[in-house]
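Q: Provided below: query_4.cif, containing mmCIF, C-alpha atoms.
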data_my_file
#
loop_
_atom_site.group_PDB
_atom_site.id
_atom_site.type_symbol
_atom_site.label_atom_id
_atom_site.label_comp_id
_atom_site.auth_asym_id
_atom_site.auth_seq_id
_atom_site.Cartn_x
_atom_site.Cartn_y
_atom_site.Cartn_z
ATOM 1 C CA SER A 1 -23.475 12.796 17.941
ATOM 2 C CA THR A 2 -25.406 14.806 20.513
ATOM 3 C CA SER A 3 -22.462 17.122 21.195
ATOM 4 C CA ILE A 4 -22.108 18.058 17.523
ATOM 5 C CA ALA A 5 -25.874 18.593 17.215
ATOM 6 C CA ALA A 6 -25.766 20.919 20.226
ATOM 7 C CA PHE A 7 -22.851 22.850 18.704
ATOM 8 C CA ARG A 8 -24.731 23.274 15.441
ATOM 9 C CA ALA A 9 -27.901 24.370 17.186
ATOM 10 C CA ALA A 10 -25.973 26.933 19.234
ATOM 11 C CA ALA A 11 -24.213 28.252 16.126
ATOM 12 C CA ASP A 12 -27.538 28.562 14.283
ATOM 13 C CA ALA A 13 -29.069 30.390 17.238
ATOM 14 C CA LYS A 14 -26.213 32.906 17.230
ATOM 15 C CA ARG A 15 -26.182 33.051 13.429
ATOM 16 C CA ILE A 16 -22.459 32.378 13.249
ATOM 17 C CA PRO A 17 -20.475 29.637 11.444
ATOM 18 C CA LEU A 18 -20.040 26.348 13.279
ATOM 19 C CA TYR A 19 -16.233 26.668 13.290
ATOM 20 C CA GLN A 20 -16.475 30.049 15.009
ATOM 21 C CA MET A 21 -18.804 28.631 17.643
ATOM 22 C CA ILE A 22 -16.384 25.779 18.386
ATOM 23 C CA ALA A 23 -13.417 28.163 18.505
ATOM 24 C CA GLY A 24 -15.194 30.449 20.944
ATOM 25 C CA GLY A 25 -14.280 33.561 18.992
ATOM 26 C CA PRO A 26 -12.507 34.796 15.875
ATOM 27 C CA ILE A 27 -10.189 32.301 14.181
ATOM 28 C CA ARG A 28 -6.537 33.307 14.641
ATOM 29 C CA THR A 29 -4.925 30.322 12.933
ATOM 30 C CA VAL A 30 -5.935 27.960 10.166
ATOM 31 C CA PRO A 31 -5.021 24.297 9.640
ATOM 32 C CA VAL A 32 -1.851 23.733 7.646
ATOM 33 C CA PRO A 33 -2.496 21.192 4.877
ATOM 34 C CA CYS A 34 0.060 18.605 3.770
ATOM 35 C CA PHE A 35 0.474 17.462 0.172
ATOM 36 C CA ASN A 36 1.967 14.170 -0.958
ATOM 37 C CA VAL A 37 4.264 14.926 -3.909
ATOM 38 C CA ILE A 38 6.651 11.939 -4.193
ATOM 39 C CA ASN A 39 5.843 8.309 -3.415
ATOM 40 C CA GLY A 40 8.225 5.577 -2.382
ATOM 41 C CA GLY A 41 7.862 1.885 -3.156
ATOM 42 C CA LYS A 42 9.239 -0.602 -5.643
ATOM 43 C CA TYR A 43 10.042 0.684 -9.107
ATOM 44 C CA ASP A 44 12.250 -0.474 -11.958
ATOM 45 C CA GLY A 45 15.755 -0.800 -10.590
ATOM 46 C CA LEU A 46 15.142 0.662 -7.123
ATOM 47 C CA THR A 47 13.098 0.505 -3.943
ATOM 48 C CA GLN A 48 12.508 3.699 -1.999
ATOM 49 C CA GLY A 49 11.861 2.625 1.590
ATOM 50 C CA PHE A 50 10.116 5.831 2.703
ATOM 51 C CA ASN A 51 6.481 5.857 1.666
ATOM 52 C CA GLU A 52 5.473 9.506 1.211
ATOM 53 C CA PHE A 53 7.352 12.780 0.772
ATOM 54 C CA LEU A 54 5.147 15.750 1.563
ATOM 55 C CA ILE A 55 5.230 19.530 1.306
ATOM 56 C CA VAL A 56 3.693 21.694 4.046
ATOM 57 C CA PRO A 57 2.821 25.277 2.986
ATOM 58 C CA TYR A 58 2.822 26.923 6.414
ATOM 59 C CA GLY A 59 3.777 30.458 5.364
ATOM 60 C CA THR A 60 0.286 31.826 4.816
ATOM 61 C CA ASP A 61 -2.893 32.414 6.809
ATOM 62 C CA SER A 62 -5.075 31.513 3.818
ATOM 63 C CA ILE A 63 -6.121 27.949 3.018
ATOM 64 C CA ASP A 64 -6.767 28.974 -0.588
ATOM 65 C CA LEU A 65 -3.237 30.340 -0.938
ATOM 66 C CA ALA A 66 -1.756 27.269 0.769
ATOM 67 C CA VAL A 67 -3.434 25.034 -1.816
ATOM 68 C CA GLU A 68 -2.299 27.310 -4.640
ATOM 69 C CA MET A 69 1.299 27.206 -3.350
ATOM 70 C CA ALA A 70 1.227 23.411 -3.174
ATOM 71 C CA VAL A 71 -0.185 23.029 -6.688
ATOM 72 C CA THR A 72 2.401 25.444 -8.049
ATOM 73 C CA VAL A 73 5.256 23.517 -6.426
ATOM 74 C CA PHE A 74 3.850 20.180 -7.611
ATOM 75 C CA GLN A 75 3.769 21.435 -11.186
ATOM 76 C CA LYS A 76 7.276 22.859 -10.894
ATOM 77 C CA LEU A 77 8.462 19.541 -9.458
ATOM 78 C CA ASP A 78 7.408 17.922 -12.729
ATOM 79 C CA GLU A 79 9.912 20.141 -14.536
ATOM 80 C CA VAL A 80 12.628 19.463 -11.956
ATOM 81 C CA LEU A 81 12.129 15.708 -12.237
ATOM 82 C CA ARG A 82 12.130 15.851 -16.053
ATOM 83 C CA ALA A 83 15.510 17.595 -15.925
ATOM 84 C CA HIS A 84 16.813 15.063 -13.392
ATOM 85 C CA LEU A 85 15.546 11.978 -15.227
ATOM 86 C CA GLY A 86 15.781 13.154 -18.806
ATOM 87 C CA ARG A 87 12.214 12.010 -19.358
ATOM 88 C CA LYS A 88 8.666 12.469 -18.084
ATOM 89 C CA PRO A 89 8.340 11.368 -14.443
ATOM 90 C CA GLN A 90 6.092 8.445 -13.603
ATOM 91 C CA VAL A 91 3.003 9.070 -11.478
ATOM 92 C CA ALA A 92 2.622 6.576 -8.622
ATOM 93 C CA SER A 93 -0.559 4.900 -7.396
ATOM 94 C CA SER A 94 -0.985 7.503 -4.640
ATOM 95 C CA TYR A 95 -0.809 10.259 -7.284
ATOM 96 C CA GLY A 96 2.542 11.647 -6.254
ATOM 97 C CA TYR A 97 5.518 11.277 -8.578
ATOM 98 C CA ALA A 98 7.272 7.918 -8.434
ATOM 99 C CA ALA A 99 10.540 8.196 -6.514
ATOM 100 C CA PRO A 100 13.459 8.459 -8.968
ATOM 101 C CA SER A 101 16.030 7.491 -6.319
ATOM 102 C CA ASP A 102 16.335 5.149 -3.340
ATOM 103 C CA ASP A 103 18.034 7.960 -1.381
ATOM 104 C CA PRO A 104 15.523 10.166 0.514
ATOM 105 C CA GLU A 105 18.055 13.007 0.586
ATOM 106 C CA VAL A 106 18.099 13.127 -3.210
ATOM 107 C CA LEU A 107 14.316 13.397 -3.309
ATOM 108 C CA LEU A 108 14.190 16.142 -0.695
ATOM 109 C CA THR A 109 16.874 18.038 -2.620
ATOM 110 C CA LEU A 110 14.733 17.882 -5.773
ATOM 111 C CA MET A 111 11.719 19.072 -3.789
ATOM 112 C CA GLN A 112 13.805 21.922 -2.405
ATOM 113 C CA GLN A 113 14.760 22.939 -5.935
ATOM 114 C CA ALA A 114 11.104 23.113 -6.915
ATOM 115 C CA VAL A 115 10.222 25.175 -3.834
ATOM 116 C CA ALA A 116 13.100 27.584 -4.501
ATOM 117 C CA ALA A 117 12.144 27.945 -8.170
ATOM 118 C CA CYS A 118 8.656 29.002 -7.072
ATOM 119 C CA GLY A 119 10.018 31.568 -4.623
ATOM 120 C CA TYR A 120 8.563 29.828 -1.569
ATOM 121 C CA CYS A 121 11.693 29.214 0.521
ATOM 122 C CA GLY A 122 10.885 29.866 4.161
ATOM 123 C CA ARG A 123 7.169 29.371 3.504
ATOM 124 C CA ILE A 124 6.992 25.666 2.659
ATOM 125 C CA GLY A 125 8.340 22.903 4.874
ATOM 126 C CA PHE A 126 8.659 19.164 4.333
ATOM 127 C CA ALA A 127 7.308 16.064 6.036
ATOM 128 C CA LEU A 128 7.778 12.319 5.711
ATOM 129 C CA ASP A 129 5.442 9.391 6.161
ATOM 130 C CA CYS A 130 7.986 6.588 6.266
ATOM 131 C CA ALA A 131 5.581 3.670 6.915
ATOM 132 C CA SER A 132 8.663 1.795 8.074
ATOM 133 C CA SER A 133 6.705 -1.232 9.273
ATOM 134 C CA GLU A 134 6.420 -2.124 5.587
ATOM 135 C CA VAL A 135 10.210 -2.435 5.175
ATOM 136 C CA TYR A 136 11.028 -3.753 8.662
ATOM 137 C CA ASP A 137 12.616 -7.197 8.886
ATOM 138 C CA LYS A 138 11.646 -8.695 12.220
ATOM 139 C CA ALA A 139 14.228 -11.480 12.045
ATOM 140 C CA THR A 140 17.161 -9.054 11.844
ATOM 141 C CA GLY A 141 15.534 -6.006 13.441
ATOM 142 C CA THR A 142 16.555 -3.876 10.456
ATOM 143 C CA TYR A 143 15.044 -1.438 7.977
ATOM 144 C CA LEU A 144 15.595 -0.802 4.272
ATOM 145 C CA LEU A 145 17.469 2.428 3.537
ATOM 146 C CA LYS A 146 19.185 3.236 0.238
ATOM 147 C CA GLY A 147 19.240 -0.439 -0.714
ATOM 148 C CA GLN A 148 20.885 -1.520 2.549
ATOM 149 C CA ARG A 149 19.606 -2.922 5.838
ATOM 150 C CA VAL A 150 20.142 -0.602 8.814
ATOM 151 C CA SER A 151 19.312 -0.733 12.513
ATOM 152 C CA ALA A 152 16.736 1.470 14.220
ATOM 153 C CA ASP A 153 19.524 3.659 15.575
ATOM 154 C CA GLY A 154 21.034 3.904 12.100
ATOM 155 C CA LEU A 155 17.689 5.020 10.683
ATOM 156 C CA ILE A 156 17.241 7.550 13.488
ATOM 157 C CA ALA A 157 20.716 8.967 12.839
ATOM 158 C CA TYR A 158 19.953 9.291 9.135
ATOM 159 C CA ALA A 159 16.651 11.033 9.878
ATOM 160 C CA LYS A 160 18.447 13.419 12.218
ATOM 161 C CA GLY A 161 20.718 14.433 9.356
ATOM 162 C CA LEU A 162 17.681 15.151 7.189
ATOM 163 C CA THR A 163 16.139 17.389 9.864
ATOM 164 C CA GLU A 164 19.385 19.355 10.080
ATOM 165 C CA ARG A 165 19.498 19.976 6.340
ATOM 166 C CA PHE A 166 15.824 20.401 5.405
ATOM 167 C CA PRO A 167 12.870 22.251 7.015
ATOM 168 C CA MET A 168 11.220 19.093 8.327
ATOM 169 C CA VAL A 169 7.876 19.715 10.041
ATOM 170 C CA PHE A 170 7.203 16.114 11.050
ATOM 171 C CA ILE A 171 8.301 12.531 10.443
ATOM 172 C CA GLU A 172 5.571 9.920 10.690
ATOM 173 C CA ASP A 173 6.097 6.198 11.301
ATOM 174 C CA LEU A 174 9.882 6.377 11.216
ATOM 175 C CA LEU A 175 10.115 2.989 12.932
ATOM 176 C CA ASP A 176 8.160 -0.243 13.149
ATOM 177 C CA GLU A 177 4.744 -0.043 14.792
ATOM 178 C CA ASN A 178 5.947 -2.225 17.679
ATOM 179 C CA ASP A 179 9.223 -0.417 18.355
ATOM 180 C CA TRP A 180 8.198 1.590 21.421
ATOM 181 C CA ASP A 181 11.743 1.847 22.742
ATOM 182 C CA GLY A 182 12.990 3.031 19.362
ATOM 183 C CA TYR A 183 10.353 5.764 19.234
ATOM 184 C CA SER A 184 11.418 7.005 22.647
ATOM 185 C CA ARG A 185 15.009 7.267 21.383
ATOM 186 C CA ALA A 186 13.838 8.944 18.169
ATOM 187 C CA VAL A 187 11.932 11.639 20.060
ATOM 188 C CA LYS A 188 15.031 12.450 22.093
ATOM 189 C CA ALA A 189 17.332 12.399 19.058
ATOM 190 C CA LEU A 190 15.142 14.540 16.769
ATOM 191 C CA PRO A 191 14.368 17.769 18.652
ATOM 192 C CA ARG A 192 14.077 19.794 15.435
ATOM 193 C CA THR A 193 10.949 18.012 14.196
ATOM 194 C CA ILE A 194 7.749 16.364 15.415
ATOM 195 C CA VAL A 195 7.946 12.564 15.611
ATOM 196 C CA LEU A 196 4.531 11.052 14.898
ATOM 197 C CA GLY A 197 3.660 7.451 15.685
ATOM 198 C CA ASP A 198 0.548 6.781 13.623
ATOM 199 C CA ASP A 199 0.954 3.013 13.156
ATOM 200 C CA LEU A 200 2.433 2.844 16.660
ATOM 201 C CA THR A 201 -0.663 4.228 18.342
ATOM 202 C CA VAL A 202 -3.642 3.203 16.212
ATOM 203 C CA GLN A 203 -3.041 -0.479 15.572
ATOM 204 C CA LEU A 204 -5.366 -2.406 17.829
ATOM 205 C CA ALA A 205 -5.639 -6.116 18.444
ATOM 206 C CA ASP A 206 -2.075 -7.433 18.307
ATOM 207 C CA ASP A 207 -0.512 -4.996 20.745
ATOM 208 C CA THR A 208 -3.403 -4.773 23.165
ATOM 209 C CA LEU A 209 -3.605 -8.533 23.478
ATOM 210 C CA HIS A 210 0.162 -8.946 23.661
ATOM 211 C CA TYR A 211 0.611 -6.355 26.382
ATOM 212 C CA GLY A 212 -2.380 -7.345 28.446
ATOM 213 C CA GLY A 213 -4.475 -4.273 27.706
ATOM 214 C CA ALA A 214 -7.794 -4.216 25.927
ATOM 215 C CA TRP A 215 -9.807 -1.986 23.655
ATOM 216 C CA TYR A 216 -13.528 -1.779 24.152
ATOM 217 C CA ASN A 217 -16.410 0.439 22.992
ATOM 218 C CA THR A 218 -15.586 -0.429 19.332
ATOM 219 C CA GLY A 219 -11.908 0.264 19.848
ATOM 220 C CA HIS A 220 -12.245 3.832 21.095
ATOM 221 C CA ALA A 221 -11.125 3.652 24.723
ATOM 222 C CA TYR A 222 -8.022 2.529 26.542
ATOM 223 C CA HIS A 223 -8.114 -0.087 29.232
ATOM 224 C CA ASP A 224 -6.208 0.972 32.366
ATOM 225 C CA ASN A 225 -3.569 -1.693 31.720
ATOM 226 C CA MET A 226 -2.749 -0.240 28.302
ATOM 227 C CA LEU A 227 -2.551 3.264 29.733
ATOM 228 C CA ARG A 228 -0.175 2.148 32.492
ATOM 229 C CA TRP A 229 1.982 0.267 30.002
ATOM 230 C CA PHE A 230 2.196 3.276 27.679
ATOM 231 C CA HIS A 231 2.992 5.584 30.589
ATOM 232 C CA ALA A 232 5.821 3.329 31.758
ATOM 233 C CA ARG A 233 7.334 3.347 28.275
ATOM 234 C CA MET A 234 7.060 7.076 27.511
ATOM 235 C CA LYS A 235 7.207 8.835 30.891
ATOM 236 C CA ASP A 236 10.885 9.742 30.497
ATOM 237 C CA ALA A 237 10.580 10.977 26.906
ATOM 238 C CA PRO A 238 10.688 14.733 26.235
ATOM 239 C CA ALA A 239 7.819 16.529 24.532
ATOM 240 C CA PHE A 240 6.170 14.454 21.854
ATOM 241 C CA THR A 241 2.981 14.531 19.824
ATOM 242 C CA MET A 242 0.278 11.982 19.106
ATOM 243 C CA LEU A 243 -1.907 12.347 16.075
ATOM 244 C CA ASP A 244 -4.946 10.240 15.274
ATOM 245 C CA VAL A 245 -8.179 10.577 13.381
ATOM 246 C CA GLY A 246 -11.338 9.029 14.754
ATOM 247 C CA ALA A 247 -9.908 8.062 18.128
ATOM 248 C CA SER A 248 -11.562 8.857 21.428
ATOM 249 C CA THR A 249 -10.723 12.344 22.640
ATOM 250 C CA GLY A 250 -11.431 11.126 26.161
ATOM 251 C CA ALA A 251 -8.770 8.435 25.866
ATOM 252 C CA TYR A 252 -6.170 10.939 24.667
ATOM 253 C CA ALA A 253 -7.145 13.403 27.413
ATOM 254 C CA LEU A 254 -6.629 10.646 29.988
ATOM 255 C CA MET A 255 -3.209 9.832 28.561
ATOM 256 C CA ALA A 256 -2.243 13.510 28.425
ATOM 257 C CA ALA A 257 -3.154 13.876 32.096
ATOM 258 C CA HIS A 258 -0.636 11.149 32.957
ATOM 259 C CA LEU A 259 1.944 12.402 30.445
ATOM 260 C CA PRO A 260 2.049 16.218 30.625
ATOM 261 C CA GLN A 261 4.781 16.372 27.976
ATOM 262 C CA MET A 262 2.422 14.819 25.426
ATOM 263 C CA LYS A 263 0.519 17.055 23.019
ATOM 264 C CA ALA A 264 -2.467 15.059 21.786
ATOM 265 C CA TRP A 265 -4.274 15.910 18.580
ATOM 266 C CA ALA A 266 -7.376 13.735 18.287
ATOM 267 C CA PHE A 267 -10.114 14.488 15.813
ATOM 268 C CA GLU A 268 -13.495 12.796 15.710
ATOM 269 C CA PRO A 269 -14.961 12.997 12.212
ATOM 270 C CA PHE A 270 -18.682 13.548 11.907
ATOM 271 C CA ASP A 271 -21.252 13.365 9.161
ATOM 272 C CA GLU A 272 -21.630 16.703 7.388
ATOM 273 C CA ALA A 273 -25.104 15.737 6.153
#
Would you write out, as structure tokens, the structure that this file holds?
A:
Amino acid sequence: STSIAAFRAAADAKRIPLYQMIAGGPIRTVPVPCFNVINGGKYDGLTQGFNEFLIVPYGTDSIDLAVEMAVTVFQKLDEVLRAHLGRKPQVASSYGYAAPSDDPEVLLTLMQQAVAACGYCGRIGFALDCASSEVYDKATGTYLLKGQRVSADGLIAYAKGLTERFPMVFIEDLLDENDWDGYSRAVKALPRTIVLGDDLTVQLADDTLHYGGAWYNTGHAYHDNMLRWFHARMKDAPAFTMLDVGASTGAYALMAAHLPQMKAWAFEPFDEA
């Protein structure tokens, strides 16, 4: 885009890296990467309803060291899982280890053991991408958890317990992508972690048509009706965060102006070539 070209030209003129030009000065913080280490899904004898279990190496100001910490923990987790299972752990399709239990708490405990064995306690947190729309039963309004069907409030209560026991940085897609009211309750009930609504906020046609809003400009901008509807639903919620990749920064800025308690992280990818 023109804005990125201008940034690059300005950085070249000043003979400084592009990231430093965008930051407006020396970099004081670096992005914290997340690493998928255990995958949920259907396996022999069990179904783990949560989709991804992640580690977040936040205790360093070096990206290189963060990656090294994550790789070290992932390798140690192999040993922990071998001891737990009595055999070599299976690798899932998303390249994390296949979940050996349908209980998320068991998996997080195993991850904690691996982190502790590496000496990284207090430097690595956890995160979940639940992808709960995949296990949501619309007819009963329930979710799959530990082999049982539970309500949204039951799932929120369980997640709250996890945030009180483990260093949970964020929980993504805890509820169904259409459960706006449930997300509002989850944000209020889980003050110790960031509640992310990826599927909630980026799915397009069904919700926008159903609620009378519209997406235009190839799906990158909110119609006023959609903005008003979202504001009415979330205006009473405490601080919450939206995260999206490739969405319009202008749309998020407009929403943030109407919802001052919302922290919006919107990134527009661009061609490095």
Q: I'd like to see the residues matched by the PyMOL selection byres ((chain A and resi 22) around 12) on this file, and ideally I'd get them as a list in words.
A: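 Applied to this file, the PyMOL selection byres ((chain A and resi 22) around 12) returns Ser3, Ile4, Ala5, Ala6, Phe7, Arg8, Ala9, Ala10, Ala11, Ile16, Pro17, Leu18, Tyr19, Gln20, Met21, Ala23, Gly24, Gly25, Pro26 and Ile27 of chain A.
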Q: Take the residues that were just selected and, keeping C-alpha atoms, output them as a tab-separated table (two decimals), keeping the file's coordinate frame.
A:
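Generated file (again.tsv):
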chain	number	residue	atom	x	y	z
A	3	SER	CA	-22.46	17.12	21.20
A	4	ILE	CA	-22.11	18.06	17.52
A	5	ALA	CA	-25.87	18.59	17.22
A	6	ALA	CA	-25.77	20.92	20.23
A	7	PHE	CA	-22.85	22.85	18.70
A	8	ARG	CA	-24.73	23.27	15.44
A	9	ALA	CA	-27.90	24.37	17.19
A	10	ALA	CA	-25.97	26.93	19.23
A	11	ALA	CA	-24.21	28.25	16.13
A	16	ILE	CA	-22.46	32.38	13.25
A	17	PRO	CA	-20.48	29.64	11.44
A	18	LEU	CA	-20.04	26.35	13.28
A	19	TYR	CA	-16.23	26.67	13.29
A	20	GLN	CA	-16.48	30.05	15.01
A	21	MET	CA	-18.80	28.63	17.64
A	23	ALA	CA	-13.42	28.16	18.50
A	24	GLY	CA	-15.19	30.45	20.94
A	25	GLY	CA	-14.28	33.56	18.99
A	26	PRO	CA	-12.51	34.80	15.88
A	27	ILE	CA	-10.19	32.30	14.18
Q: Which protein, DNA or RNA residues have an atom at most 12 Å from (11.0, 24.2, -11.3), counting only C-alpha atoms? List them as a ChimeraX atom specification.
A: /A:72-84,110-120
Q: Can you pull out every residue within 9 Å of region 66-69 of chain A, counting all atoms listed in the file, but drop anything in the same chain fewer than 5 positions away, and send it as JSON, numbers by chain?
A: {"A": [32, 33, 35, 56, 57, 58, 59, 60, 61, 74, 118, 120, 124]}
Q: Just the number, please: distance in Å from CA of Ala98 (chain A) to CA of Val195 (chain A), one decimal.
A: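 That distance, rounded to one decimal, is 24.5 Å.
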Q: For Leu46 (chain A), list every protein, DNA or RNA residue within 8 Å, evaluated using all atoms listed in the file, and leave out those in the same chain fewer than 6 positions away; present the list as a list of chain:residue names.
A: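 So the residues in contact are A:Ser101, A:Asp102, A:Gly147.
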Q: The PyMOL selection byres ((chain A and resi 39) around 10) on the file shown: which residues, as a PyMOL selection string?
A: chain A and resi 36-38+40-42+48-54+91-100+107+129
Q: Please measure the separation of CA of Gly122 (chain A) and CA of Pro89 (chain A), giving the value in Å to one decimal.
A: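 Between CA of Gly122 (chain A) and CA of Pro89 (chain A) the gap is 26.4 Å.
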Q: Using the atoms already present, construct N, CA and C atoms for region 176-190 of chain A and hand them back as a PDB file, in the coordinates of the input.
A:
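Written file, out-v8.pdb:
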ATOM      1  N   ASP A 176       9.203   0.780  13.162  1.00  0.00           N
ATOM      2  CA  ASP A 176       8.160  -0.243  13.149  1.00  0.00           C
ATOM      3  C   ASP A 176       7.099   0.063  14.193  1.00  0.00           C
ATOM      4  N   GLU A 177       5.871  -0.352  13.916  1.00  0.00           N
ATOM      5  CA  GLU A 177       4.744  -0.043  14.792  1.00  0.00           C
ATOM      6  C   GLU A 177       4.876  -0.657  16.183  1.00  0.00           C
ATOM      7  N   ASN A 178       5.752  -1.621  16.361  1.00  0.00           N
ATOM      8  CA  ASN A 178       5.947  -2.225  17.679  1.00  0.00           C
ATOM      9  C   ASN A 178       7.212  -1.759  18.394  1.00  0.00           C
ATOM     10  N   ASP A 179       7.943  -0.841  17.780  1.00  0.00           N
ATOM     11  CA  ASP A 179       9.223  -0.417  18.355  1.00  0.00           C
ATOM     12  C   ASP A 179       9.044   0.776  19.289  1.00  0.00           C
ATOM     13  N   TRP A 180       8.445   0.523  20.452  1.00  0.00           N
ATOM     14  CA  TRP A 180       8.198   1.590  21.421  1.00  0.00           C
ATOM     15  C   TRP A 180       9.509   2.190  21.937  1.00  0.00           C
ATOM     16  N   ASP A 181      10.460   1.346  22.240  1.00  0.00           N
ATOM     17  CA  ASP A 181      11.743   1.847  22.742  1.00  0.00           C
ATOM     18  C   ASP A 181      12.442   2.702  21.687  1.00  0.00           C
ATOM     19  N   GLY A 182      12.375   2.267  20.440  1.00  0.00           N
ATOM     20  CA  GLY A 182      12.990   3.031  19.362  1.00  0.00           C
ATOM     21  C   GLY A 182      12.355   4.396  19.208  1.00  0.00           C
ATOM     22  N   TYR A 183      11.025   4.470  19.340  1.00  0.00           N
ATOM     23  CA  TYR A 183      10.353   5.764  19.234  1.00  0.00           C
ATOM     24  C   TYR A 183      10.778   6.706  20.355  1.00  0.00           C
ATOM     25  N   SER A 184      10.958   6.166  21.535  1.00  0.00           N
ATOM     26  CA  SER A 184      11.418   7.005  22.647  1.00  0.00           C
ATOM     27  C   SER A 184      12.793   7.580  22.337  1.00  0.00           C
ATOM     28  N   ARG A 185      13.674   6.774  21.762  1.00  0.00           N
ATOM     29  CA  ARG A 185      15.009   7.267  21.383  1.00  0.00           C
ATOM     30  C   ARG A 185      14.910   8.278  20.250  1.00  0.00           C
ATOM     31  N   ALA A 186      13.990   8.031  19.302  1.00  0.00           N
ATOM     32  CA  ALA A 186      13.838   8.944  18.169  1.00  0.00           C
ATOM     33  C   ALA A 186      13.370  10.321  18.630  1.00  0.00           C
ATOM     34  N   VAL A 187      12.431  10.360  19.555  1.00  0.00           N
ATOM     35  CA  VAL A 187      11.932  11.639  20.060  1.00  0.00           C
ATOM     36  C   VAL A 187      13.059  12.442  20.698  1.00  0.00           C
ATOM     37  N   LYS A 188      13.914  11.770  21.442  1.00  0.00           N
ATOM     38  CA  LYS A 188      15.031  12.450  22.093  1.00  0.00           C
ATOM     39  C   LYS A 188      16.086  12.901  21.080  1.00  0.00           C
ATOM     40  N   ALA A 189      16.262  12.116  20.022  1.00  0.00           N
ATOM     41  CA  ALA A 189      17.332  12.399  19.058  1.00  0.00           C
ATOM     42  C   ALA A 189      16.927  13.424  18.000  1.00  0.00           C
ATOM     43  N   LEU A 190      15.616  13.671  17.848  1.00  0.00           N
ATOM     44  CA  LEU A 190      15.142  14.540  16.769  1.00  0.00           C
ATOM     45  C   LEU A 190      14.381  15.737  17.334  1.00  0.00           C
TER      46      LEU A 190
END
